[in-house]
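As structure tokens, the structure follows; a few thoughts come after it.
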2 protein chains.
Amino acid sequence: MSPEDPRAVEVEAANAAFYETLERGDAAAMDELWLLDDGVSCVHPGWPVLSGRGEVLRSYALIMAHTEYIQFFLTDVRAQVAGDTAVVTCTENILSGGPAESAGELGPLVGQHAVATNVFRRTPDGWRLWSHHGSPVLMEDPDHAADDAGPAPDDDEAAGR
Amino acid sequence: MSPEDPRAVEVEAANAAFYETLERGDAAAMDELWLLDDGVSCVHPGWPVLSGRGEVLRSYALIMAHTEYIQFFLTDVRAQVAGDTAVVTCTENILSGGPAESAGELGPLVGQHAVATNVFRRTPDGWRLWSHHGSPVLMEDPDHAADDAGPAPDDDEAAGR
């Protein structure tokens, strides 16, 4: 598919809107991004499958409620469209932070690295999510492992545990 | 969709054939299960995204060449069909073994637990894979994921933080 394919451009915009909605923590907007039928499914990194609008949207509402700050830098975005369906793959470079111990402050930022396969269907209201599957990237180029490693193991080592 | 939907039955059969082909280690059969266009994509658990028939099929050939024994017990299989596209989610309960140190013996078996989202498209030759995304289940209590969504406070406790 050529990069100028208007359907691919539409789908990439829908994919970007999905991550922007997560960044804003806007649960009502998230509800509108998903298909209205109960065939939707979602896998958050490290999670089992969630099926149906109830499970999927509740998980996003809870994740957004527990996330003080999150920003997605998407790379390797590829949209493949066939008829009214599209598959988008991308790398999610995630910067997130929880609340700090002192009120009003942001806790330490954590960088994470995941990949996603997002499936969209075209509806009269635009492209809507049918499936999201995100997963941690555990197999890293050794040169970049330090950038992508979570903080926990290093912290434990530093503390002599 | 009712469980009797003939399209869902076809798709579930295609999904089962995918795992049976992996079990048999049949690289030639695997090539035929995927769409002929280069829009295919694949994420093995913990891996980055592989795109295009070349990368995807080479990865399967390599995985199958390095796997002495593998068996998939699929549970929670759900097929959702819309027109000529289908999304199948399932839990992969995997039993695998590598070669033992003494020739002709099988090494110790390892049980693993992953989830997959498999996207199929209908072609004149039947349902073919468009995308596979598999990921490890890292959450401690998968049975309650939908109820306890959120950034797993138990993990922090377990890590002594």
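Every chain in the structure tokens has a letter given in the order shown (A, B, ...), and although residue numbers restart at 1 in each chain, ligands are simply numbered from 1 in the order shown.
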
### Message
When DSSP is applied to the backbone of this structure, which of range 11-146 of chain B are assigned strand (DSSP E)? Write them out as a count of residues only.
### Response
63

Find the residues around Met64 in chain A up to 10 Å (only C-alpha atoms counted), leave out those fewer than 3 positions away in its own chain, and share them as a compact mmCIF listing (two decimals) with N, CA, C and O atoms, in the first residue's frame.
# COMPACT_ATOMS: atom_id res chain seq x y z
N THR A 21 -5.80 9.85 23.46
CA THR A 21 -6.88 9.71 24.44
C THR A 21 -6.36 9.09 25.73
O THR A 21 -6.73 9.50 26.84
N LEU A 22 -5.47 8.11 25.59
CA LEU A 22 -4.83 7.52 26.78
C LEU A 22 -4.00 8.56 27.51
O LEU A 22 -4.03 8.63 28.75
N GLU A 23 -3.27 9.37 26.76
CA GLU A 23 -2.43 10.41 27.39
C GLU A 23 -3.29 11.40 28.17
O GLU A 23 -2.90 11.84 29.25
N ARG A 24 -4.44 11.75 27.59
CA ARG A 24 -5.33 12.71 28.27
C ARG A 24 -6.10 12.08 29.41
O ARG A 24 -6.70 12.77 30.24
N GLY A 25 -6.15 10.73 29.44
CA GLY A 25 -6.92 10.05 30.48
C GLY A 25 -8.41 10.29 30.33
O GLY A 25 -9.14 10.38 31.33
N ASP A 26 -8.88 10.35 29.10
CA ASP A 26 -10.27 10.72 28.83
C ASP A 26 -11.11 9.45 28.60
O ASP A 26 -11.21 8.94 27.49
N ALA A 27 -11.71 8.95 29.68
CA ALA A 27 -12.44 7.67 29.59
C ALA A 27 -13.65 7.77 28.68
O ALA A 27 -13.98 6.82 27.96
N ARG A 58 -13.69 -0.94 31.06
CA ARG A 58 -13.43 -0.82 32.50
C ARG A 58 -11.92 -0.84 32.76
O ARG A 58 -11.41 -0.11 33.59
N SER A 59 -11.20 -1.69 32.01
CA SER A 59 -9.75 -1.76 32.22
C SER A 59 -9.09 -0.42 31.89
O SER A 59 -8.19 0.03 32.61
N TYR A 60 -9.55 0.23 30.81
CA TYR A 60 -8.96 1.53 30.47
C TYR A 60 -9.31 2.59 31.51
O TYR A 60 -8.47 3.41 31.88
N ALA A 61 -10.53 2.57 31.98
CA ALA A 61 -10.93 3.56 32.99
C ALA A 61 -10.05 3.41 34.23
O ALA A 61 -9.58 4.40 34.81
N THR A 67 -3.02 6.30 36.56
CA THR A 67 -1.83 6.81 35.88
C THR A 67 -1.80 8.32 36.01
O THR A 67 -2.69 9.03 35.54
N GLU A 68 -0.76 8.80 36.68
CA GLU A 68 -0.64 10.25 36.90
C GLU A 68 -0.19 10.94 35.62
O GLU A 68 -0.67 12.02 35.28
N TYR A 69 0.72 10.29 34.91
CA TYR A 69 1.30 10.90 33.70
C TYR A 69 1.72 9.80 32.76
O TYR A 69 2.38 8.85 33.17
N ILE A 70 1.33 9.91 31.49
CA ILE A 70 1.81 8.93 30.51
C ILE A 70 1.90 9.61 29.14
O ILE A 70 1.04 10.42 28.77
N GLY B 150 -5.56 -2.44 36.59
CA GLY B 150 -4.77 -1.38 37.18
C GLY B 150 -3.34 -1.83 37.30
O GLY B 150 -3.01 -2.97 37.01
N PRO B 151 -2.47 -0.94 37.71
CA PRO B 151 -1.05 -1.24 37.70
C PRO B 151 -0.63 -2.10 38.88
O PRO B 151 0.25 -1.72 39.64

#### Entry: Shell of 10 Å around Asp84 in chain A, only C-alpha atoms, local chain residues under 4 positions omitted, as JSON, numbers by chain
{"A": [7, 120, 121, 122, 123, 127], "B": [82, 83, 84, 85]}

### Query
What are the residues of chain A that have an atom within 7 Å of an atom of chain B, counting only C-alpha atoms, as a VMD selection string?
chain A and resid 39 46 to 50 55 59 62 to 63 66 80 115 117 133 135 to 139

Same residues, N, CA and C atoms, output as a PDB file, in the first residue's frame:
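Here's the written file selection-v4.pdb:
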ATOM      1  N   GLY A  39     -17.824  -7.772  20.311  1.00  0.00           N
ATOM      2  CA  GLY A  39     -16.732  -8.602  19.800  1.00  0.00           C
ATOM      3  C   GLY A  39     -15.363  -7.981  20.002  1.00  0.00           C
ATOM      4  N   GLY A  46       1.379  -8.021  29.274  1.00  0.00           N
ATOM      5  CA  GLY A  46       1.476  -8.933  30.407  1.00  0.00           C
ATOM      6  C   GLY A  46       0.141  -9.416  30.952  1.00  0.00           C
ATOM      7  N   TRP A  47      -0.945  -8.928  30.365  1.00  0.00           N
ATOM      8  CA  TRP A  47      -2.285  -9.289  30.851  1.00  0.00           C
ATOM      9  C   TRP A  47      -2.863 -10.441  30.038  1.00  0.00           C
ATOM     10  N   PRO A  48      -3.872 -11.103  30.593  1.00  0.00           N
ATOM     11  CA  PRO A  48      -4.673 -12.035  29.795  1.00  0.00           C
ATOM     12  C   PRO A  48      -5.603 -11.255  28.857  1.00  0.00           C
ATOM     13  N   VAL A  49      -6.384 -11.970  28.058  1.00  0.00           N
ATOM     14  CA  VAL A  49      -7.298 -11.319  27.115  1.00  0.00           C
ATOM     15  C   VAL A  49      -8.513 -10.761  27.864  1.00  0.00           C
ATOM     16  N   LEU A  50      -8.893  -9.544  27.535  1.00  0.00           N
ATOM     17  CA  LEU A  50     -10.158  -8.985  27.995  1.00  0.00           C
ATOM     18  C   LEU A  50     -11.103  -8.969  26.804  1.00  0.00           C
ATOM     19  N   GLU A  55     -15.526  -5.328  29.861  1.00  0.00           N
ATOM     20  CA  GLU A  55     -14.191  -5.613  30.400  1.00  0.00           C
ATOM     21  C   GLU A  55     -13.150  -4.651  29.846  1.00  0.00           C
ATOM     22  N   SER A  59     -11.204  -1.686  32.009  1.00  0.00           N
ATOM     23  CA  SER A  59      -9.748  -1.756  32.225  1.00  0.00           C
ATOM     24  C   SER A  59      -9.091  -0.418  31.893  1.00  0.00           C
ATOM     25  N   LEU A  62      -9.809   2.146  34.629  1.00  0.00           N
ATOM     26  CA  LEU A  62      -9.000   1.911  35.822  1.00  0.00           C
ATOM     27  C   LEU A  62      -7.535   2.278  35.593  1.00  0.00           C
ATOM     28  N   ILE A  63      -7.009   1.888  34.438  1.00  0.00           N
ATOM     29  CA  ILE A  63      -5.606   2.215  34.141  1.00  0.00           C
ATOM     30  C   ILE A  63      -5.420   3.735  34.118  1.00  0.00           C
ATOM     31  N   HIS A  66      -5.353   5.289  37.489  1.00  0.00           N
ATOM     32  CA  HIS A  66      -4.156   5.014  38.289  1.00  0.00           C
ATOM     33  C   HIS A  66      -2.888   5.591  37.670  1.00  0.00           C
ATOM     34  N   GLN A  80      -2.090  -1.364   7.497  1.00  0.00           N
ATOM     35  CA  GLN A  80      -2.457  -2.223   6.384  1.00  0.00           C
ATOM     36  C   GLN A  80      -3.974  -2.257   6.310  1.00  0.00           C
ATOM     37  N   VAL A 115       5.202  -3.225  22.092  1.00  0.00           N
ATOM     38  CA  VAL A 115       4.722  -3.227  20.704  1.00  0.00           C
ATOM     39  C   VAL A 115       3.232  -3.532  20.719  1.00  0.00           C
ATOM     40  N   THR A 117      -0.413  -4.417  18.232  1.00  0.00           N
ATOM     41  CA  THR A 117      -1.162  -4.679  17.008  1.00  0.00           C
ATOM     42  C   THR A 117      -2.582  -4.188  17.268  1.00  0.00           C
ATOM     43  N   HIS A 133      -3.759  -5.299  21.024  1.00  0.00           N
ATOM     44  CA  HIS A 133      -2.898  -6.265  21.715  1.00  0.00           C
ATOM     45  C   HIS A 133      -1.533  -5.621  21.899  1.00  0.00           C
ATOM     46  N   SER A 135       2.250  -5.722  24.019  1.00  0.00           N
ATOM     47  CA  SER A 135       3.100  -6.673  24.757  1.00  0.00           C
ATOM     48  C   SER A 135       4.467  -6.058  25.001  1.00  0.00           C
ATOM     49  N   PRO A 136       5.069  -6.482  26.108  1.00  0.00           N
ATOM     50  CA  PRO A 136       6.406  -5.979  26.421  1.00  0.00           C
ATOM     51  C   PRO A 136       7.416  -6.556  25.443  1.00  0.00           C
ATOM     52  N   VAL A 137       8.439  -5.774  25.114  1.00  0.00           N
ATOM     53  CA  VAL A 137       9.529  -6.300  24.296  1.00  0.00           C
ATOM     54  C   VAL A 137      10.616  -6.758  25.260  1.00  0.00           C
ATOM     55  N   LEU A 138      10.773  -8.078  25.332  1.00  0.00           N
ATOM     56  CA  LEU A 138      11.725  -8.665  26.287  1.00  0.00           C
ATOM     57  C   LEU A 138      13.016  -9.060  25.596  1.00  0.00           C
ATOM     58  N   MET A 139      12.953  -9.177  24.279  1.00  0.00           N
ATOM     59  CA  MET A 139      14.141  -9.567  23.517  1.00  0.00           C
ATOM     60  C   MET A 139      14.730  -8.293  22.932  1.00  0.00           C
TER      61      MET A 139
END

### Query
So what do you get for CA of Leu36 in chain B versus CA of Val9 in chain B, distance-wise?
22.7 Å
